[in-house]
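Listing of upload29.csv, CSV, C-alpha atoms
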chain,number,residue,atom,x,y,z
A,299,MET,CA,-0.1,18.8,-57.3
A,300,ASN,CA,-1.8,17.4,-54.2
A,301,LEU,CA,-0.3,17.3,-50.7
A,302,LYS,CA,0.6,13.6,-51.1
A,303,SER,CA,2.7,14.3,-54.2
A,304,ILE,CA,4.4,17.3,-52.6
A,305,GLY,CA,5.4,15.2,-49.6
A,306,TYR,CA,6.8,12.6,-52.0
A,307,VAL,CA,8.9,15.1,-53.9
A,308,LEU,CA,10.2,16.7,-50.6
A,309,GLY,CA,11.1,13.2,-49.4
A,310,ILE,CA,13.1,12.5,-52.6
A,311,ALA,CA,14.9,15.9,-52.3
A,312,ILE,CA,15.8,15.3,-48.7
A,313,LEU,CA,17.1,11.8,-49.5
A,314,ALA,CA,19.2,13.1,-52.4
A,315,THR,CA,20.7,15.8,-50.2
A,316,ALA,CA,21.6,13.3,-47.5
A,317,CYS,CA,23.2,11.0,-50.0
A,318,ASP,CA,25.3,13.8,-51.4
A,319,LYS,CA,26.2,14.9,-47.9
A,320,TYR,CA,27.6,11.5,-47.0
A,321,LYS,CA,29.2,10.8,-50.4
A,322,THR,CA,32.9,10.0,-50.4
A,323,LYS,CA,34.8,12.8,-52.0
A,324,VAL,CA,38.5,13.3,-52.8
A,325,THR,CA,40.5,16.5,-52.5
A,326,GLU,CA,43.0,17.6,-55.2
A,327,SER,CA,45.8,16.2,-53.0
A,328,GLY,CA,44.1,12.8,-52.9
A,329,LEU,CA,42.5,12.8,-49.5
A,330,LYS,CA,39.3,10.7,-49.3
A,331,TYR,CA,36.7,12.0,-47.0
A,332,GLN,CA,33.0,12.0,-46.0
A,333,ILE,CA,31.3,15.0,-44.3
A,334,PHE,CA,28.5,14.1,-41.9
A,335,GLU,CA,27.9,17.6,-40.3
A,336,HIS,CA,29.1,21.0,-41.4
A,337,ASP,CA,28.2,24.5,-40.5
A,338,ASP,CA,29.5,27.2,-42.8
A,339,ALA,CA,28.9,29.8,-40.1
A,340,ALA,CA,30.9,28.0,-37.4
A,341,ARG,CA,34.4,28.9,-36.4
A,342,LYS,CA,36.9,27.1,-38.7
A,343,ALA,CA,40.3,26.1,-37.4
A,344,LYS,CA,43.4,27.9,-38.5
A,345,LEU,CA,47.1,26.8,-38.2
A,346,GLY,CA,48.2,27.1,-34.6
A,347,ASP,CA,44.7,26.8,-33.2
A,348,ILE,CA,43.9,24.1,-30.6
A,349,MET,CA,41.3,21.7,-31.7
A,350,SER,CA,39.4,19.4,-29.3
A,351,PHE,CA,37.7,16.5,-30.9
A,352,HIS,CA,36.4,13.0,-30.4
A,353,LEU,CA,38.1,10.4,-32.6
A,354,VAL,CA,37.3,6.8,-33.6
A,355,LEU,CA,40.3,5.2,-35.3
A,356,LYS,CA,39.8,2.0,-37.3
A,357,ASN,CA,42.0,-0.3,-39.4
A,358,GLY,CA,41.0,-1.7,-42.8
A,359,ALA,CA,39.2,-4.6,-41.2
A,360,ASP,CA,36.9,-2.1,-39.3
A,361,SER,CA,38.6,-3.0,-36.0
A,362,THR,CA,38.7,-0.1,-33.5
A,363,LEU,CA,42.2,1.0,-32.7
A,364,ARG,CA,41.1,4.0,-30.5
A,365,ASP,CA,37.8,5.4,-29.3
A,366,THR,CA,37.9,8.6,-27.3
A,367,TYR,CA,34.2,8.3,-26.6
A,368,LYS,CA,34.9,5.1,-24.7
A,369,ASP,CA,38.0,6.6,-23.0
A,370,LYS,CA,36.0,9.8,-22.2
A,371,THR,CA,39.1,11.7,-23.2
A,372,PRO,CA,38.8,13.9,-26.3
A,373,VAL,CA,42.0,14.6,-28.3
A,374,LYS,CA,43.5,18.1,-28.0
A,375,LEU,CA,45.7,19.0,-30.9
A,376,VAL,CA,47.5,22.0,-32.2
A,377,LEU,CA,46.6,22.3,-35.9
A,378,GLN,CA,49.8,22.2,-38.0
A,379,ALA,CA,50.5,22.3,-41.7
A,380,PRO,CA,49.9,18.9,-43.4
A,381,PRO,CA,53.1,16.9,-43.3
A,382,PHE,CA,52.2,15.1,-46.6
A,383,LYS,CA,49.5,15.2,-49.3
A,384,GLY,CA,46.3,13.6,-48.2
A,385,SER,CA,47.2,13.7,-44.5
A,386,PHE,CA,44.8,13.7,-41.5
A,387,GLU,CA,45.9,17.3,-40.7
A,388,GLU,CA,44.6,18.3,-44.1
A,389,GLY,CA,41.3,16.9,-43.2
A,390,LEU,CA,41.1,18.6,-39.8
A,391,ALA,CA,41.8,22.0,-41.5
A,392,MET,CA,38.6,21.5,-43.5
A,393,LEU,CA,36.5,21.4,-40.3
A,394,ALA,CA,34.8,23.9,-38.0
A,395,ALA,CA,33.5,23.6,-34.4
A,396,GLY,CA,30.6,21.1,-34.3
A,397,ASP,CA,31.6,19.5,-37.6
A,398,SER,CA,31.9,15.7,-38.0
A,399,ALA,CA,33.6,13.8,-40.8
A,400,LYS,CA,35.5,10.6,-41.7
A,401,PHE,CA,38.9,10.6,-43.4
A,402,PHE,CA,40.6,7.7,-45.2
A,403,ILE,CA,44.4,7.7,-44.9
A,404,ASN,CA,46.6,5.2,-46.8
A,405,ALA,CA,48.3,3.1,-44.1
A,406,ASP,CA,51.5,2.6,-46.1
A,407,THR,CA,52.0,6.3,-46.7
A,408,LEU,CA,51.1,7.2,-43.1
A,409,PHE,CA,53.6,4.9,-41.5
A,410,ALA,CA,56.3,5.6,-44.1
A,411,LYS,CA,56.0,9.3,-43.2
A,412,MET,CA,56.2,8.4,-39.5
A,413,MET,CA,59.3,6.3,-40.4
A,414,GLN,CA,57.7,3.3,-38.6
A,415,PRO,CA,56.9,-0.2,-39.8
A,416,LEU,CA,53.3,-1.3,-40.2
A,417,PRO,CA,51.9,-2.8,-36.9
A,418,PRO,CA,50.6,-6.3,-37.1
A,419,MET,CA,46.9,-5.2,-37.0
A,420,ILE,CA,47.3,-3.0,-40.1
A,421,LYS,CA,47.7,-4.7,-43.5
A,422,LYS,CA,49.8,-3.4,-46.3
A,423,GLY,CA,47.8,-1.4,-48.8
A,424,SER,CA,44.9,-0.8,-46.5
A,425,GLU,CA,43.3,2.4,-45.3
A,426,ILE,CA,43.0,3.7,-41.8
A,427,THR,CA,39.8,5.7,-41.1
A,428,PHE,CA,39.7,8.7,-38.8
A,429,THR,CA,36.1,9.6,-37.7
A,430,VAL,CA,36.1,13.0,-36.1
A,431,LYS,CA,33.6,15.1,-34.1
A,432,VAL,CA,35.0,18.6,-33.5
A,433,LEU,CA,34.1,19.9,-30.0
A,434,SER,CA,35.9,23.2,-30.0
A,435,VAL,CA,38.3,25.5,-31.8
A,436,LEU,CA,40.4,27.9,-29.7
A,437,THR,CA,43.4,30.1,-30.2
A,438,SER,CA,46.4,29.4,-28.0
A,439,GLU,CA,45.5,32.4,-25.8
A,440,GLU,CA,41.9,31.2,-25.4
A,441,PHE,CA,43.0,27.7,-24.6
A,442,GLN,CA,45.5,28.8,-21.9
A,443,LYS,CA,42.8,31.0,-20.3
A,444,GLN,CA,40.3,28.2,-20.4
A,445,GLN,CA,42.8,25.8,-18.8
A,446,SER,CA,43.7,28.3,-16.1
A,447,GLU,CA,40.1,29.0,-15.2
A,448,ALA,CA,39.2,25.3,-15.2
A,449,GLY,CA,42.2,24.5,-13.0
A,450,VAL,CA,41.1,27.0,-10.3
A,451,LYS,CA,37.6,25.5,-10.2
A,452,GLN,CA,38.9,21.9,-10.2
A,453,LYS,CA,41.4,22.6,-7.3
A,454,ALA,CA,38.4,23.4,-5.1
A,455,VAL,CA,36.6,20.3,-6.3
A,456,ASP,CA,39.6,18.1,-5.6
A,457,GLU,CA,40.1,19.6,-2.1
A,458,LYS,CA,36.5,18.6,-1.2
A,459,VAL,CA,37.0,15.1,-2.6
A,460,ILE,CA,40.2,14.7,-0.6
A,461,GLN,CA,38.6,15.9,2.6
A,462,ASP,CA,35.7,13.5,2.1
A,463,TYR,CA,38.2,10.7,1.5
A,464,LEU,CA,40.2,11.5,4.7
A,465,THR,CA,37.1,11.7,6.8
A,466,LYS,CA,35.6,8.4,5.4
A,467,ASN,CA,38.9,6.6,6.1
A,468,ASN,CA,39.7,8.2,9.5
A,469,LEU,CA,42.9,9.8,8.2
A,470,THR,CA,42.2,13.4,8.9
A,471,ALA,CA,44.4,13.6,12.0
A,472,LYS,CA,47.2,11.6,10.3
A,473,ALA,CA,47.3,13.5,7.0
A,474,GLN,CA,49.7,16.3,6.3
A,475,HIS,CA,49.4,18.7,3.4
A,476,THR,CA,51.5,21.2,1.5
A,477,ALA,CA,50.7,24.6,0.0
A,478,SER,CA,50.3,23.1,-3.5
A,479,GLY,CA,47.4,20.9,-2.3
A,480,LEU,CA,49.3,17.6,-2.0
A,481,TYR,CA,48.3,15.4,1.0
A,482,TYR,CA,50.3,12.5,2.4
A,483,VAL,CA,50.2,10.0,5.3
A,484,ASP,CA,53.4,8.6,6.6
A,485,ASP,CA,53.5,4.9,7.6
A,486,VAL,CA,57.3,4.9,8.0
A,487,VAL,CA,59.3,8.1,8.2
A,488,GLY,CA,62.7,6.8,7.2
A,489,THR,CA,66.1,8.0,8.3
A,490,GLY,CA,68.9,10.3,7.0
A,491,GLU,CA,68.6,13.0,4.4
A,492,ALA,CA,65.9,13.5,1.8
A,493,PRO,CA,66.7,13.5,-1.9
A,494,THR,CA,67.0,16.9,-3.7
A,495,GLN,CA,66.5,18.0,-7.3
A,496,GLY,CA,68.7,16.0,-9.6
A,497,ASP,CA,69.2,13.0,-7.3
A,498,ASN,CA,68.6,9.5,-8.6
A,499,VAL,CA,65.9,7.6,-6.6
A,500,LYS,CA,64.8,4.0,-6.4
A,501,VAL,CA,61.1,3.7,-5.6
A,502,HIS,CA,58.5,1.0,-5.2
A,503,TYR,CA,54.9,2.2,-5.8
A,504,THR,CA,51.3,1.2,-6.3
A,505,GLY,CA,49.0,3.7,-8.0
A,506,LYS,CA,45.2,3.6,-7.2
A,507,LEU,CA,42.1,5.5,-7.9
A,508,LEU,CA,40.1,6.6,-4.8
A,509,ASP,CA,37.8,3.6,-5.1
A,510,GLY,CA,40.9,1.4,-4.5
A,511,LYS,CA,41.3,0.2,-8.1
A,512,VAL,CA,45.0,-0.4,-8.9
A,513,PHE,CA,46.1,1.1,-12.3
A,514,ASP,CA,49.8,0.6,-12.0
A,515,SER,CA,52.4,-1.0,-9.7
A,516,SER,CA,56.1,-1.6,-9.7
A,517,LYS,CA,55.6,-4.5,-7.4
A,518,ASN,CA,53.5,-6.3,-10.1
A,519,ALA,CA,56.4,-5.7,-12.4
A,520,GLY,CA,58.7,-7.3,-9.9
A,521,LYS,CA,61.2,-4.4,-9.5
A,522,PRO,CA,61.3,-0.7,-8.3
A,523,ILE,CA,61.7,2.1,-10.8
A,524,ASP,CA,64.7,4.4,-11.0
A,525,PHE,CA,64.5,8.0,-12.1
A,526,GLN,CA,66.0,11.4,-11.6
A,527,VAL,CA,63.8,13.4,-9.2
A,528,GLY,CA,63.0,17.1,-9.7
A,529,VAL,CA,63.6,17.3,-13.5
A,530,GLY,CA,60.1,16.7,-14.8
A,531,MET,CA,60.3,12.9,-15.4
A,532,VAL,CA,57.2,12.2,-13.2
A,533,ILE,CA,54.0,14.0,-12.3
A,534,PRO,CA,54.4,17.1,-9.9
A,535,GLY,CA,52.7,15.3,-7.0
A,536,TRP,CA,55.4,12.6,-7.1
A,537,GLU,CA,58.2,15.2,-7.4
A,538,GLU,CA,57.1,17.0,-4.3
A,539,GLY,CA,56.1,14.0,-2.3
A,540,ILE,CA,59.3,12.0,-2.8
A,541,MET,CA,61.7,14.9,-2.3
A,542,SER,CA,60.3,15.3,1.2
A,543,MET,CA,60.8,11.6,2.1
A,544,LYS,CA,63.8,9.9,3.7
A,545,LYS,CA,65.5,6.7,2.8
A,546,GLY,CA,63.4,3.7,3.9
A,547,GLY,CA,60.3,5.9,4.2
A,548,LYS,CA,56.9,4.7,3.2
A,549,ARG,CA,53.9,7.0,2.7
A,550,THR,CA,50.6,7.3,0.8
A,551,LEU,CA,50.5,10.3,-1.5
A,552,ILE,CA,47.0,11.8,-2.1
A,553,ILE,CA,47.5,13.8,-5.2
A,554,PRO,CA,44.9,16.3,-6.6
A,555,SER,CA,44.3,16.1,-10.3
A,556,GLY,CA,46.2,19.3,-11.0
A,557,LEU,CA,49.4,17.7,-9.6
A,558,ALA,CA,48.6,14.4,-11.4
A,559,TYR,CA,47.2,13.8,-14.9
A,560,GLY,CA,44.8,16.8,-15.0
A,561,VAL,CA,41.7,17.2,-17.1
A,562,ASP,CA,42.9,14.6,-19.7
A,563,GLY,CA,43.7,11.7,-17.4
A,564,SER,CA,45.4,8.7,-18.9
A,565,PRO,CA,43.3,7.0,-21.6
A,566,GLY,CA,42.0,3.6,-20.5
A,567,ALA,CA,43.4,3.8,-17.0
A,568,ILE,CA,42.8,7.2,-15.3
A,569,PRO,CA,39.7,9.3,-15.9
A,570,GLY,CA,40.2,13.0,-16.3
A,571,ASN,CA,40.3,15.2,-13.1
A,572,SER,CA,41.1,12.2,-10.9
A,573,VAL,CA,42.5,12.5,-7.4
A,574,LEU,CA,45.0,9.7,-7.1
A,575,LEU,CA,46.5,7.6,-4.3
A,576,PHE,CA,50.1,6.3,-4.5
A,577,ASP,CA,51.7,4.1,-1.9
A,578,VAL,CA,55.4,4.8,-2.3
A,579,GLU,CA,58.5,3.5,-0.7
A,580,LEU,CA,61.8,5.3,-1.1
A,581,ILE,CA,64.2,2.4,-1.2
A,582,ASP,CA,67.4,4.3,-1.9
A,583,PHE,CA,68.8,7.4,-3.7
A,584,THR,CA,72.2,8.6,-4.9
A,585,LYS,CA,73.3,12.2,-5.5
A,586,GLY,CA,73.0,13.4,-9.0
A,587,ALA,CA,73.9,16.4,-11.0
A,588,LYS,CA,71.5,19.3,-10.7
A,589,PRO,CA,69.8,20.4,-14.0
A,590,ALA,CA,71.3,23.5,-15.6
A,591,THR,CA,67.8,24.7,-16.6
A,592,PRO,CA,64.4,24.6,-14.9
A,593,PRO,CA,62.6,21.2,-15.5
A,594,MET,CA,59.8,21.0,-18.0
A,595,PRO,CA,56.8,18.9,-16.8
A,596,ALA,CA,56.5,15.6,-18.6
A,597,PRO,CA,54.4,13.3,-16.4
A,598,THR,CA,55.0,9.6,-16.7
A,599,ARG,CA,53.7,8.3,-13.4
Show me this structure written as structure tokens.
Amino acid sequence: MNLKSIGYVLGIAILATACDKYKTKVTESGLKYQIFEHDDAARKAKLGDIMSFHLVLKNGADSTLRDTYKDKTPVKLVLQAPPFKGSFEEGLAMLAAGDSAKFFINADTLFAKMMQPLPPMIKKGSEITFTVKVLSVLTSEEFQKQQSEAGVKQKAVDEKVIQDYLTKNNLTAKAQHTASGLYYVDDVVGTGEAPTQGDNVKVHYTGKLLDGKVFDSSKNAGKPIDFQVGVGMVIPGWEEGIMSMKKGGKRTLIIPSGLAYGVDGSPGAIPGNSVLLFDVELIDFTKGAKPATPPMPAPTR
């Protein structure tokens, strides 16, 4: 066999391998999938592990419903037991770090299990495709350690970003800061007492990135927001900043990412590790019941 023939045979063999690699297969439970990349030697996820992955979610008409590449915010998910046969979680459990694949999930089954009606953009009887690229697989302990180390490094980065912002905008002399790393500039101090944990506050706000881009505003909505302060309903930077204000006070909060939306940000609005500006006005507050247990963080603003 000459070199030309050998090359031809090798080409055919490679093509056949590639076709088999991307071939749509079905598990015993009925999950349809395609494997694009797989490394048998790589670390495979186990139940309870935290998986970080990019995800492109599409409906049956091939319209993109979510794209974490575009958002620059990978999904972080604790791998749990499949809630039903042929579920997305079953597919994730097949993958290891570095793997990529596509899973086809029946829309009717998925939304029935979620006990939700089909959204208008998803047709009855169609399939939703989940295209995944696994970035990492970590145990809970490894994940917590990684987050802690990253938080320490990011705090120093945020501090420099804030100092540069204050210098650029001639705010260094006006700005005050707390031990947590929160900075604020008072325009109006207000009068009377400050709200305490459990009080119900009424606040007008405008949230901006450091470049001035507005991502949210109660004024655009036409009314202030009401919430109970100090119980984990808003990001920590808000909790601390508002509980040191007085009624009628107006201030700009300069919030480091660790007291805002952290490494993940808010998809489509706030990039990860963003220092945020909030112009806030404490319109009023009323005394509320103090929580019986320490608040759990659940940022919404």
Could you build a table of the residues in stretch 414-498 of chain A lying no more than 12 Å from stretch 333-338 of chain A, giving for each the nearest pair of atoms and their separation in Å rounded to one decimal place, using only C-alpha atoms, ordered by chain and ascending residue number, as CSV?
residue,atom,partner,partner_atom,distance
A:Phe428,CA,A:Ile333,CA,11.9
A:Thr429,CA,A:Phe334,CA,9.8
A:Val430,CA,A:Phe334,CA,9.6
A:Lys431,CA,A:Glu335,CA,8.8
A:Val432,CA,A:Glu335,CA,9.9
Neighbouring residues of A:Ser424 were defined as those with any atom within 8 Å, considering all atoms listed in the file; residues of the same chain fewer than 2 positions away were excluded. Please report them as a JSON list (two decimals) with C-alpha atoms, in the coordinates of the input.
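The result, stored in selection00.json:
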[["chain", "number", "residue", "atom", "x", "y", "z"],
["A", 357, "ASN", "CA", 42.00, -0.30, -39.40],
["A", 358, "GLY", "CA", 41.00, -1.70, -42.80],
["A", 404, "ASN", "CA", 46.60, 5.20, -46.80],
["A", 405, "ALA", "CA", 48.30, 3.10, -44.10],
["A", 406, "ASP", "CA", 51.50, 2.60, -46.10],
["A", 420, "ILE", "CA", 47.30, -3.00, -40.10],
["A", 421, "LYS", "CA", 47.70, -4.70, -43.50],
["A", 422, "LYS", "CA", 49.80, -3.40, -46.30],
["A", 426, "ILE", "CA", 43.00, 3.70, -41.80]]
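Here the question is which of A:Gly396, A:Gly566, A:Gly389, A:Gly496 gets nearest to A:Met531 using only C-alpha atoms, and that residue is A:Gly496.
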task: Please provide as a ChimeraX atom specification all residues within 6 Å of A:Gly505, with the sequence filter that same-chain residues fewer than 3 positions apart are discarded (counting all atoms listed in the file).
output: /A:512-514,575-576
For the selection you just gave me, I'd like the residues written to a file as a short mmCIF file (atom, residue, chain, number, x, y, z; two decimals), keeping the file's coordinate frame, keeping C-alpha atoms.
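part04.cif was written with the following content:
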data_model
loop_
_atom_site.label_atom_id
_atom_site.label_comp_id
_atom_site.auth_asym_id
_atom_site.auth_seq_id
_atom_site.Cartn_x
_atom_site.Cartn_y
_atom_site.Cartn_z
CA VAL A 512 45.00 -0.40 -8.90
CA PHE A 513 46.10 1.10 -12.30
CA ASP A 514 49.80 0.60 -12.00
CA LEU A 575 46.50 7.60 -4.30
CA PHE A 576 50.10 6.30 -4.50
#
field: Atom pair atom CA of A:Pro522 / atom CA of A:Gly560: separation (Å)
entry: 25.0 Å
message: Can you pull out the residues contacting stretch 515-521 of chain A? Cut-off 12 Å, using all atoms listed in the file, and skip same-chain residues under 3 positions away; I want them as a PyMOL selection string.
response: chain A and resi 500-506+511-512+524+575-579+581+599
- prompt: Separation of atom CA of A:Ile533 and atom CA of A:Val354, in Å?
  reply: 28.0 Å
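Pairwise distance (atom CA of A:Phe386, atom CA of A:Thr427) equals 9.4 Å.
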Contact residues around A:Tyr463 with only C-alpha atoms at 12 Å, ignoring same-chain residues under 3 positions, as a PDB file with C-alpha atoms, in the frame of the given file:
ATOM      1  CA  ASP A 456      39.600  18.100  -5.600  1.00  0.00           C
ATOM      2  CA  GLU A 457      40.100  19.600  -2.100  1.00  0.00           C
ATOM      3  CA  LYS A 458      36.500  18.600  -1.200  1.00  0.00           C
ATOM      4  CA  VAL A 459      37.000  15.100  -2.600  1.00  0.00           C
ATOM      5  CA  ILE A 460      40.200  14.700  -0.600  1.00  0.00           C
ATOM      6  CA  LYS A 466      35.600   8.400   5.400  1.00  0.00           C
ATOM      7  CA  ASN A 467      38.900   6.600   6.100  1.00  0.00           C
ATOM      8  CA  ASN A 468      39.700   8.200   9.500  1.00  0.00           C
ATOM      9  CA  LEU A 469      42.900   9.800   8.200  1.00  0.00           C
ATOM     10  CA  THR A 470      42.200  13.400   8.900  1.00  0.00           C
ATOM     11  CA  ALA A 473      47.300  13.500   7.000  1.00  0.00           C
ATOM     12  CA  TYR A 481      48.300  15.400   1.000  1.00  0.00           C
ATOM     13  CA  LEU A 507      42.100   5.500  -7.900  1.00  0.00           C
ATOM     14  CA  LEU A 508      40.100   6.600  -4.800  1.00  0.00           C
ATOM     15  CA  ASP A 509      37.800   3.600  -5.100  1.00  0.00           C
ATOM     16  CA  GLY A 510      40.900   1.400  -4.500  1.00  0.00           C
ATOM     17  CA  ILE A 552      47.000  11.800  -2.100  1.00  0.00           C
ATOM     18  CA  ILE A 553      47.500  13.800  -5.200  1.00  0.00           C
ATOM     19  CA  PRO A 554      44.900  16.300  -6.600  1.00  0.00           C
ATOM     20  CA  VAL A 573      42.500  12.500  -7.400  1.00  0.00           C
ATOM     21  CA  LEU A 574      45.000   9.700  -7.100  1.00  0.00           C
ATOM     22  CA  LEU A 575      46.500   7.600  -4.300  1.00  0.00           C
TER      23      LEU A 575
END
- prompt: Any idea what's packed within 12 Å of A:Phe525, counting only C-alpha atoms, ignoring anything in its chain fewer than 5 positions away? Could you give it as JSON, numbers by chain?
  reply: {"A": [493, 495, 496, 497, 498, 499, 500, 501, 502, 530, 531, 532, 536, 537, 540, 580, 582, 583, 584, 585, 586, 598, 599]}
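Proximity to A:Val324 was assessed for A:Val455, A:Ile403, A:Leu363, A:Leu355 counting only C-alpha atoms; the smallest distance is recorded for A:Ile403.
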Sorted by chain and rising residue number, which residues of stretch 460-565 of chain A lie within 10 Å of stretch 367-371 of chain A, and what are their closest atom pairs and distances in Å to one decimal, counting only C-alpha atoms, as CSV?
residue,atom,partner,partner_atom,distance
A:Val561,CA,A:Thr371,CA,8.6
A:Asp562,CA,A:Thr371,CA,5.9
A:Gly563,CA,A:Thr371,CA,7.4
A:Ser564,CA,A:Thr371,CA,8.2
A:Pro565,CA,A:Asp369,CA,5.5
message: From the options A:Ser434, A:Met419, A:Glu447, A:Asp484, which residue's atoms come nearest to A:Ala359, counting all atoms listed in the file?
response: A:Met419
